[in-house]
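Student: Dropping the structure in here first, questions after.
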Amino acid sequence: MEALDPILSGLNPPQLEAVTTTEGPLLVVAGAGSGKTRVLTRRIAYMIRNGVQPWRILAVTFTNKAAREMGERVGQLLERVGVTVPVQSLWISTFHSIASRLLRRYGTEIGVPQNFTIYDADDQKTLVKRIMKDMNLENDALHVRQAIHYIEAYRNGSLKALYPPYDTILEKYKSELSAAQAVDFTGLLEKALELAPHVAHLWDYILIDEFQDTNHLQFEFIHRLARPHGNVCAVGDDDQSIYSWRGATPRFLIEFERQFSGAREVRLEQNYRSTGNIISAAGHLILHNTTRRPKKIWTAAPSGEPIYFNALDDERQEASWIVSRMLEHNARGVSLDEMAVLYRINAQSRPFEDSLRREGIPYTVVGGTKFYERAEIKDLIAYLRLALNARSDIDILRVLNKPKRGLGQAAVRRIRELAGERSLWHGLHRARDERRIGPKITEFVRLVEHAAALAEKRPPEDVLGFILEETDWLGMRASTDIESITRVENMNELLAAVTDYSDEERSNGEEPTLQGFLESIALVSAEDLSEDDEDTEKVWLMTVHAAKGLEFDVVFLPGWEEKLVPMEREDSTEDSLEEERRLAYVAMTRARRVLYITRARERMVYGRTLRTSPSRFLKELPRDRIKILSRRKPVTHDPETLAEVASHAHRHRKKSVKSSSYKGSSSNSPFRPGDVVRHKKFGTGRVVSVDGSGDGARVTVNFRGIGQKVIVASYLMGVDR
């Protein structure tokens with residue numbers, strides 16, 4: 001009976017149509033919070049339950065985390081209808097993981113060896129820097145980043161042509177990769193695209209999640225795979241396309257019918273995540289974009305709380321005010337895990353970190369230094385990679401003198417001479433006869449060869465244990481300095497990670513391999529959140545880009561000012577402005593229950609305090625959905641801004657107990673009206689009024705020669721009169 005069917009029950013009519021329309025090309029335009037993951041997982045389960053072999057379905061996601069969750073949900077759905085599917089038979093993965101898996105199996109058909117090494121972003125920088133140095137080009141960090149930017153833009157199709165010297169750099173770069181039997185992240189897609197005609201027969205159905213985030217390479221890969229059967233289902237939302245800087249474009253979603261003739265469209269427009277006020281405000285904002293598929297997101301949920309807007313004096317006060325609101329929500333039962341600050345750029349995190357530390361609130365910064373990006377971890381991984389592929393010059397150069405062996409730049413130059421046009425590994429073998437450096441090189445070669453022999457017959461944790469023992473890096477235990485202790489802890493953590501990988505593989509009936517472990521960490525995408533300290537409640541701090549796909553009960557959006565939201569760019573165009581608006585839309589729709597938007601009237605920029613103007617996006621929000629919390633007229637005189645409306649509303653509304661300034665005395669207040677206080681920037685002044693209590697109280701102070709400023713109490717010092 002369909003009503004009781006675990007796969008189809010509970011779906012609204014458009015969701016049901018998207019799940020059961022399995023033949024031919026289908027575009028599912030899934031608005032924010034409209035249940036697209038539910039549609040994808042149930043569609044896969046529906047096809048398998050109706051006779052499609054699991055391995056004939058290819059589902060592509062953009063993060064490993066999403067792929068794992070999707071696979072688990074499909075398995076659970078099928079179990080409920082009595083169908084058992086081995087996890088390893090499901091092709092649910094990211095573009096890069098799928099490409100790697102295909103190249104390991106079939107790459108020899110296009111000349112890619114099975115034991116190729118995957119070079120990450122740091123490896124790419126190292127190699128490009130060396131090539132630019134050899135070409136006598138400026139090769140500082142800025143010029144290397146610029147070269148990589150243009151090279152990658154060309155490779156992913158967002159740049160039509162490369163001009164000198166970048167064309168030469170790319171040619172040499174690809175040649176070096178080939179010589180080292182290595183493939184970088186973009187190369188995985190390039191090689192997979194080349195391989196596509198050889199493997200298109202593997203699948204009868206293709207599903208792509210987050211279709212608006214595909215770039216040219218990814219789209220062409222999918223297009224070629226779908227040619228034999230045309231059964232391609234793309235799920236996405238052009239209003240959430242925010243990755244143009246890495247080649248993604250909503251064009252493929254907007255023009256889907258042109259690429260796949262006879263395509264059907266299903267719109268998922270009911271939002272199940274957010275309150276009515278949040279959905280209405282975000283919907284009004286995104287309507288100002290002209291390049292988009294028409295859709296109207298709605299919700300059956302109550303209107304809920306209004307969207308709160310406040311203009312604070314500076315970024316420190318902005319952060320302190322937001323942290324105070326967090327404490328209020330936490331006192332009312334909202335978990336810290338359900339609160340997030342979403343900013344436009346990472347540099348905005350500092351004042352929030354300071355305020356959270358002062359209040360003793362645990363937090364995590366998403367996008368900080370990740371575990372596998374730490375220097376000592378990358379060194380050990382380089383050794384592990386050499387155990388599988390000793391011809392990787394990048395890895396040889398990274399660890400040849402780590403720990404120190406007395407093999408400096410002069411030794412490297414001699415090894416290069418001996419290598420000639422071949423890999424450094426060949427040069428190392430020839431250098432063993434050199435009088436001065438020979439014994440040290442022999443020691444290094446023996447270590448790598450022994451590790452390689454172990455990798456063929458022992459689990460990866462044994463290989464890592466051998467390397468740690470032979471290099472004596474854990475001899476740092478004897479040191480008491482913080483840096484050494486931290487490095488030892490990190491190395492032990494890597495050993496734990498390898499062991500966990502092996503245990504998981506064995507529990508799935510698979511034999512753990514060093515190649516499997518390295519692949520599992522090489523393909524962890526930037527969007528995957530760290531799962532450290534899962535048991536500790538903590539506030540989330542992250543950019544809007546990092547928040548894509550996440551949701552929280554309470555969301556704070558700071559910095560809604562011109563030049564920040566929207567971000568000012570040298571090459572600003574209408575397209576870039578529309579992407580900035582999409583970013584704002586994505587930020588707003590991360591909130592389930594409560595949304596705060598703030599701005600600072602002044603902000604520190606490159607060491608200078610500058611006045612700001614309210615974001616143009618503020619006046620694109622519906623006035624009837626916003627509650628203004630600003631207490632005084634802002635520095636701008638734009639009559640159309642919400643901040644100006646706040647000043648007007650403040651003059652005409654009846655003050656509530658919460659919003660009125662404190663005029664009397666309180667034992668909890670750090671200062672009282674009439675007190676003389678000192679501020680390190682504004683000097684000495686007299687307290688006019690106090691709003692709130694404790695160190696987070698907002699104190700209005702009349703400073704000599706400056707006038708009134710509202711300062712958080714913790715930034716003031718009492719002065720004896």
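In the structure tokens, each chain is lettered A, B, ... as it comes, each chain's residues begin at 1, and ligands are numbered from 1 in order of appearance.
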A:Glu449: which residues within 12 Å, counting only C-alpha atoms, same-chain residues fewer than 2 positions away excluded, as a list in words?

Tutor: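 Once the adjacent positions are removed, what remains is Tyr383, Leu384, Arg385, Leu386, Ala387, Leu388, Asn389, Ala390, Arg391, Trp425, His429, Thr442, Glu443, Phe444, Val445, Arg446, Leu447, Ala451, Ala452, Ala453, Leu454, Ala455, Glu456, Val463, Phe466 and Ile467 of chain A.
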
Student: Find the residues around stretch 146-150 of chain A up to 12 Å (only C-alpha atoms counted), leave out those fewer than 2 positions away in its own chain, and share them as number ranges by chain.

Tutor: A: 121-129, 131-132, 137-144, 152-170, 173, 186, 245-247

Student: As a ChimeraX atom specification, list the residues of stretch 198-447 of chain A assigned to alpha helix (DSSP H) by DSSP on the backbone atoms of this structure.

Tutor: /A:198-199,216-226,251-254,256-259,276-286,315-331,349-359,375-388,393-399,409-419,424-431,438-447

Student: Just the residues within 12 Å of stretch 484-501 of chain A, please, counting only C-alpha atoms, with nothing from its chain fewer than 4 positions along; format it as a count of residues only.

Tutor: 50

Student: Among stretch 142-241 of chain A, which residues does DSSP mark as strand (DSSP E or B) when it is run on the backbone? Keep the chain and numbering as in the structure and answer as a list of chain:residue names.

Tutor: A:Ala182, A:Val183, A:Asp184, A:Tyr205, A:Ile206, A:Leu207, A:Ile208, A:Val232, A:Cys233, A:Ala234, A:Val235, A:Gly236

Student: Those same residues - C-alpha atoms - I'd like them written as an mmCIF file, in the first residue's frame.

Tutor:
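Final output, out.cif:
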data_model
loop_
_atom_site.group_PDB
_atom_site.id
_atom_site.type_symbol
_atom_site.label_atom_id
_atom_site.label_comp_id
_atom_site.auth_asym_id
_atom_site.auth_seq_id
_atom_site.Cartn_x
_atom_site.Cartn_y
_atom_site.Cartn_z
ATOM 1 C CA ALA A 182 51.245 11.990 -10.421
ATOM 2 C CA VAL A 183 47.831 13.548 -10.959
ATOM 3 C CA ASP A 184 46.512 16.694 -9.252
ATOM 4 C CA TYR A 205 21.298 6.002 -14.515
ATOM 5 C CA ILE A 206 23.178 9.104 -13.379
ATOM 6 C CA LEU A 207 22.232 11.505 -10.573
ATOM 7 C CA ILE A 208 24.060 14.745 -9.782
ATOM 8 C CA VAL A 232 20.387 11.813 -16.106
ATOM 9 C CA CYS A 233 18.771 13.485 -13.101
ATOM 10 C CA ALA A 234 20.271 16.821 -12.039
ATOM 11 C CA VAL A 235 19.247 18.312 -8.691
ATOM 12 C CA GLY A 236 20.193 21.862 -7.778
#

Student: List every residue of stretch 97-170 of chain A that has an atom at most 12 Å from any atom of stretch 46-68 of chain A, and for each one report the closest atom pair and its distance in Å to one decimal, counting only C-alpha atoms, with rows sorted by chain and then by increasing residue number, as JSON lines.

Tutor:
{"residue": "A:Ser97", "atom": "CA", "partner": "A:Asn64", "partner_atom": "CA", "distance": 8.5}
{"residue": "A:Ile98", "atom": "CA", "partner": "A:Val60", "partner_atom": "CA", "distance": 8.1}
{"residue": "A:Ala99", "atom": "CA", "partner": "A:Val60", "partner_atom": "CA", "distance": 10.8}

Student: Pull C-alpha atoms from the residues just selected and write them as a PDB file, in the first residue's frame.

Tutor:
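Below is the file again-v5.pdb, written as the result:
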ATOM      1  CA  SER A  97      36.656  10.141  -5.715  1.00  0.00           C
ATOM      2  CA  ILE A  98      34.818   8.673  -8.692  1.00  0.00           C
ATOM      3  CA  ALA A  99      37.569   9.849 -11.031  1.00  0.00           C
TER       4      ALA A  99
END

Student: Can you measure atom CA of A:Thr291 to atom CA of A:Tyr308 for me? One decimal in Å is fine.

Tutor: 28.8 Å

Student: Counting only C-alpha atoms, which of A:Ala282, A:Thr573, A:Asn330, A:Gly75 gets nearest to A:Leu618?

Tutor: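 The closest residue to A:Leu618 is A:Ala282.
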
Student: Would you pick out the contacts of stretch 310-315 of chain A at 8 Å or less, using only C-alpha atoms, so that residues sharing its chain but fewer than 6 positions from it are not included, and give the list as a short mmCIF file (atom, residue, chain, number, x, y, z; two decimals) with C-alpha atoms, in the first residue's frame?

Tutor:
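Resulting contents of around21.cif:
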data_model
loop_
_atom_site.label_atom_id
_atom_site.label_comp_id
_atom_site.auth_asym_id
_atom_site.auth_seq_id
_atom_site.Cartn_x
_atom_site.Cartn_y
_atom_site.Cartn_z
CA PRO A 351 36.73 39.73 17.17
CA TYR A 596 20.20 38.29 13.17
CA ILE A 597 21.81 40.68 10.69
CA THR A 598 24.30 43.26 11.93
CA ARG A 599 26.71 45.85 10.68
CA ALA A 600 29.42 48.02 12.20
CA ARG A 601 29.32 51.76 11.64
CA GLU A 602 33.12 51.76 11.76
CA ARG A 603 35.48 48.95 10.86
CA MET A 604 39.24 48.51 11.05
CA ILE A 628 15.17 47.16 14.01
CA LEU A 629 17.31 47.17 17.15
CA SER A 630 19.56 50.16 16.29
CA PRO A 634 23.91 55.95 11.80
CA ALA A 643 19.49 51.68 9.65
CA LYS A 709 30.06 56.62 22.20
CA VAL A 710 28.45 53.34 23.20
#

Student: When you count only C-alpha atoms, which of these residues is closest to A:Leu583: A:Val199, A:Ile415, A:Ile242, A:Leu407?

Tutor: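 Among the listed residues, the smallest separation from A:Leu583 belongs to A:Ile242.
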
Student: So, with only C-alpha atoms as the atoms that count, which of A:Glu255, A:Ala196, A:His284, A:Val539 lies closest to A:Leu336?

Tutor: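 Under the stated criterion, the closest residue is A:Val539.
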
Student: For stretch 277-281 of chain A, work out the shell of residues within 8 Å, counting only C-alpha atoms and skipping chain neighbours fewer than 3 positions away, then give it as a count of residues only.

Tutor: 19

Student: Kindly indicate which residue among A:Lys174, A:Pro558, A:His216, A:Glu434 lies nearest to A:Thr249, using only C-alpha atoms for the distances.

Tutor: A:His216

Student: By how many Å are atom CA of A:Asp354 and atom CA of A:Glu537 apart?

Tutor: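 Those two atoms sit 18.0 Å apart.
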
Student: So that I can check the surroundings of A:Arg273, please list as an mmCIF file with N, CA and C atoms, in the first residue's frame every protein, DNA and RNA residue that reaches within 10 Å of it, counting only C-alpha atoms and ignoring chain neighbours fewer than 6 positions away.

Tutor:
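Output saved as part-v6.cif:
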data_model
loop_
_atom_site.group_PDB
_atom_site.id
_atom_site.type_symbol
_atom_site.label_atom_id
_atom_site.label_comp_id
_atom_site.auth_asym_id
_atom_site.auth_seq_id
_atom_site.Cartn_x
_atom_site.Cartn_y
_atom_site.Cartn_z
ATOM 1 N N ALA A 32 16.001 26.148 -1.361
ATOM 2 C CA ALA A 32 16.620 25.950 -0.050
ATOM 3 C C ALA A 32 15.650 25.253 0.899
ATOM 4 N N GLY A 33 16.142 24.190 1.564
ATOM 5 C CA GLY A 33 15.346 23.503 2.566
ATOM 6 C C GLY A 33 14.144 22.759 2.035
ATOM 7 N N SER A 34 14.146 22.399 0.748
ATOM 8 C CA SER A 34 12.961 21.782 0.132
ATOM 9 C C SER A 34 13.009 20.261 0.109
ATOM 10 N N GLY A 35 14.028 19.659 0.742
ATOM 11 C CA GLY A 35 14.077 18.203 0.832
ATOM 12 C C GLY A 35 14.763 17.509 -0.316
ATOM 13 N N ILE A 279 11.936 32.904 5.253
ATOM 14 C CA ILE A 279 11.724 32.530 3.854
ATOM 15 C C ILE A 279 11.257 33.731 3.038
ATOM 16 N N THR A 299 6.599 28.336 2.617
ATOM 17 C CA THR A 299 6.596 27.408 3.735
ATOM 18 C C THR A 299 5.238 27.410 4.414
ATOM 19 N N ALA A 301 5.183 26.704 7.550
ATOM 20 C CA ALA A 301 5.554 26.970 8.942
ATOM 21 C C ALA A 301 5.038 28.342 9.377
ATOM 22 N N GLU A 551 22.624 23.922 8.448
ATOM 23 C CA GLU A 551 21.511 24.693 8.988
ATOM 24 C C GLU A 551 21.638 24.746 10.502
ATOM 25 N N PHE A 552 21.145 25.831 11.099
ATOM 26 C CA PHE A 552 21.250 26.061 12.531
ATOM 27 C C PHE A 552 19.970 26.732 13.024
ATOM 28 N N ASP A 553 19.670 26.553 14.309
ATOM 29 C CA ASP A 553 18.486 27.211 14.869
ATOM 30 C C ASP A 553 18.641 28.725 14.880
ATOM 31 N N THR A 589 19.200 31.612 4.506
ATOM 32 C CA THR A 589 18.425 30.368 4.529
ATOM 33 C C THR A 589 19.121 29.246 5.297
ATOM 34 N N ARG A 590 20.243 29.535 5.967
ATOM 35 C CA ARG A 590 20.832 28.555 6.880
ATOM 36 C C ARG A 590 20.081 28.555 8.213
ATOM 37 N N ALA A 591 19.301 29.616 8.486
ATOM 38 C CA ALA A 591 18.634 29.773 9.783
ATOM 39 C C ALA A 591 17.297 29.037 9.796
ATOM 40 N N ARG A 592 17.062 28.287 10.850
ATOM 41 C CA ARG A 592 15.777 27.611 11.011
ATOM 42 C C ARG A 592 14.777 28.478 11.768
ATOM 43 N N ARG A 593 15.204 29.069 12.892
ATOM 44 C CA ARG A 593 14.252 29.752 13.770
ATOM 45 C C ARG A 593 14.498 31.245 13.930
#

Student: I want to know what sits within 9 Å of A:Val323, based on only C-alpha atoms, with residues of the same chain fewer than 3 positions away left out; could you give that as a list in words?

Tutor: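 Listing them by chain and then by number gives Glu318, Ala319, Ser320, Met326, Leu327, Glu328, Phe352, Ser355, Leu356, Glu359, Ile361 and Gly696 of chain A.
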
Student: Emit the selected residues as a PDB file, in the first residue's frame, including all heavy atoms.

Tutor:
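Written output follows (again22.pdb):
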ATOM      1  N   GLU A 318      30.152  44.865  17.754  1.00  0.00           N
ATOM      2  CA  GLU A 318      29.320  43.943  16.989  1.00  0.00           C
ATOM      3  C   GLU A 318      29.495  42.519  17.508  1.00  0.00           C
ATOM      4  O   GLU A 318      28.508  41.802  17.752  1.00  0.00           O
ATOM      5  CB  GLU A 318      29.693  44.016  15.508  1.00  0.00           C
ATOM      6  CG  GLU A 318      28.880  43.105  14.602  1.00  0.00           C
ATOM      7  CD  GLU A 318      29.339  43.188  13.155  1.00  0.00           C
ATOM      8  OE1 GLU A 318      30.571  43.155  12.906  1.00  0.00           O
ATOM      9  OE2 GLU A 318      28.475  43.289  12.267  1.00  0.00           O
ATOM     10  N   ALA A 319      30.742  42.104  17.707  1.00  0.00           N
ATOM     11  CA  ALA A 319      31.013  40.757  18.194  1.00  0.00           C
ATOM     12  C   ALA A 319      30.501  40.572  19.614  1.00  0.00           C
ATOM     13  O   ALA A 319      29.884  39.552  19.936  1.00  0.00           O
ATOM     14  CB  ALA A 319      32.516  40.473  18.124  1.00  0.00           C
ATOM     15  N   SER A 320      30.740  41.555  20.469  1.00  0.00           N
ATOM     16  CA  SER A 320      30.300  41.447  21.858  1.00  0.00           C
ATOM     17  C   SER A 320      28.784  41.370  21.951  1.00  0.00           C
ATOM     18  O   SER A 320      28.230  40.590  22.742  1.00  0.00           O
ATOM     19  CB  SER A 320      30.822  42.646  22.657  1.00  0.00           C
ATOM     20  OG  SER A 320      30.452  42.550  24.003  1.00  0.00           O
ATOM     21  N   MET A 326      23.957  35.194  22.063  1.00  0.00           N
ATOM     22  CA  MET A 326      24.187  33.752  22.174  1.00  0.00           C
ATOM     23  C   MET A 326      23.930  33.277  23.601  1.00  0.00           C
ATOM     24  O   MET A 326      23.287  32.242  23.827  1.00  0.00           O
ATOM     25  CB  MET A 326      25.629  33.413  21.766  1.00  0.00           C
ATOM     26  CG  MET A 326      25.931  33.557  20.296  1.00  0.00           C
ATOM     27  SD  MET A 326      27.686  33.184  19.991  1.00  0.00           S
ATOM     28  CE  MET A 326      27.757  33.400  18.219  1.00  0.00           C
ATOM     29  N   LEU A 327      24.457  34.024  24.570  1.00  0.00           N
ATOM     30  CA  LEU A 327      24.270  33.657  25.966  1.00  0.00           C
ATOM     31  C   LEU A 327      22.788  33.651  26.330  1.00  0.00           C
ATOM     32  O   LEU A 327      22.325  32.781  27.073  1.00  0.00           O
ATOM     33  CB  LEU A 327      25.044  34.620  26.870  1.00  0.00           C
ATOM     34  CG  LEU A 327      26.570  34.499  26.811  1.00  0.00           C
ATOM     35  CD1 LEU A 327      27.234  35.652  27.551  1.00  0.00           C
ATOM     36  CD2 LEU A 327      27.014  33.168  27.409  1.00  0.00           C
ATOM     37  N   GLU A 328      22.048  34.625  25.816  1.00  0.00           N
ATOM     38  CA  GLU A 328      20.608  34.677  26.082  1.00  0.00           C
ATOM     39  C   GLU A 328      19.902  33.446  25.521  1.00  0.00           C
ATOM     40  O   GLU A 328      19.083  32.818  26.193  1.00  0.00           O
ATOM     41  CB  GLU A 328      20.005  35.949  25.481  1.00  0.00           C
ATOM     42  CG  GLU A 328      20.414  37.228  26.179  1.00  0.00           C
ATOM     43  CD  GLU A 328      19.871  38.464  25.472  1.00  0.00           C
ATOM     44  OE1 GLU A 328      19.140  38.297  24.464  1.00  0.00           O
ATOM     45  OE2 GLU A 328      20.172  39.581  25.920  1.00  0.00           O
ATOM     46  N   PHE A 352      35.160  37.847  17.029  1.00  0.00           N
ATOM     47  CA  PHE A 352      34.245  36.864  17.603  1.00  0.00           C
ATOM     48  C   PHE A 352      35.004  35.861  18.459  1.00  0.00           C
ATOM     49  O   PHE A 352      34.537  35.464  19.536  1.00  0.00           O
ATOM     50  CB  PHE A 352      33.464  36.163  16.493  1.00  0.00           C
ATOM     51  CG  PHE A 352      32.528  37.080  15.770  1.00  0.00           C
ATOM     52  CD1 PHE A 352      32.874  37.644  14.555  1.00  0.00           C
ATOM     53  CD2 PHE A 352      31.319  37.431  16.335  1.00  0.00           C
ATOM     54  CE1 PHE A 352      32.029  38.521  13.901  1.00  0.00           C
ATOM     55  CE2 PHE A 352      30.461  38.307  15.691  1.00  0.00           C
ATOM     56  CZ  PHE A 352      30.821  38.857  14.473  1.00  0.00           C
ATOM     57  N   SER A 355      35.780  37.618  21.761  1.00  0.00           N
ATOM     58  CA  SER A 355      34.608  37.747  22.633  1.00  0.00           C
ATOM     59  C   SER A 355      34.187  36.397  23.202  1.00  0.00           C
ATOM     60  O   SER A 355      33.824  36.297  24.381  1.00  0.00           O
ATOM     61  CB  SER A 355      33.439  38.372  21.856  1.00  0.00           C
ATOM     62  OG  SER A 355      33.692  39.723  21.581  1.00  0.00           O
ATOM     63  N   LEU A 356      34.224  35.372  22.402  1.00  0.00           N
ATOM     64  CA  LEU A 356      33.848  34.042  22.872  1.00  0.00           C
ATOM     65  C   LEU A 356      34.821  33.539  23.928  1.00  0.00           C
ATOM     66  O   LEU A 356      34.409  32.918  24.922  1.00  0.00           O
ATOM     67  CB  LEU A 356      33.776  33.072  21.692  1.00  0.00           C
ATOM     68  CG  LEU A 356      32.593  33.287  20.738  1.00  0.00           C
ATOM     69  CD1 LEU A 356      32.815  32.553  19.423  1.00  0.00           C
ATOM     70  CD2 LEU A 356      31.291  32.820  21.385  1.00  0.00           C
ATOM     71  N   GLU A 359      34.148  35.165  27.262  1.00  0.00           N
ATOM     72  CA  GLU A 359      32.955  34.641  27.921  1.00  0.00           C
ATOM     73  C   GLU A 359      33.080  33.152  28.251  1.00  0.00           C
ATOM     74  O   GLU A 359      32.177  32.567  28.851  1.00  0.00           O
ATOM     75  CB  GLU A 359      31.720  34.848  27.031  1.00  0.00           C
ATOM     76  CG  GLU A 359      31.361  36.303  26.788  1.00  0.00           C
ATOM     77  CD  GLU A 359      30.856  36.998  28.048  1.00  0.00           C
ATOM     78  OE1 GLU A 359      30.517  36.293  29.030  1.00  0.00           O
ATOM     79  OE2 GLU A 359      30.811  38.240  28.058  1.00  0.00           O
ATOM     80  N   ILE A 361      33.081  30.656  26.131  1.00  0.00           N
ATOM     81  CA  ILE A 361      32.175  29.874  25.288  1.00  0.00           C
ATOM     82  C   ILE A 361      33.000  29.054  24.296  1.00  0.00           C
ATOM     83  O   ILE A 361      33.774  29.618  23.520  1.00  0.00           O
ATOM     84  CB  ILE A 361      31.204  30.789  24.526  1.00  0.00           C
ATOM     85  CG1 ILE A 361      30.353  31.601  25.513  1.00  0.00           C
ATOM     86  CG2 ILE A 361      30.310  29.981  23.602  1.00  0.00           C
ATOM     87  CD1 ILE A 361      29.449  32.615  24.840  1.00  0.00           C
ATOM     88  N   GLY A 696      29.411  42.651  29.814  1.00  0.00           N
ATOM     89  CA  GLY A 696      28.807  42.814  28.492  1.00  0.00           C
ATOM     90  C   GLY A 696      27.869  44.007  28.403  1.00  0.00           C
ATOM     91  O   GLY A 696      27.275  44.251  27.347  1.00  0.00           O
TER      92      GLY A 696
END
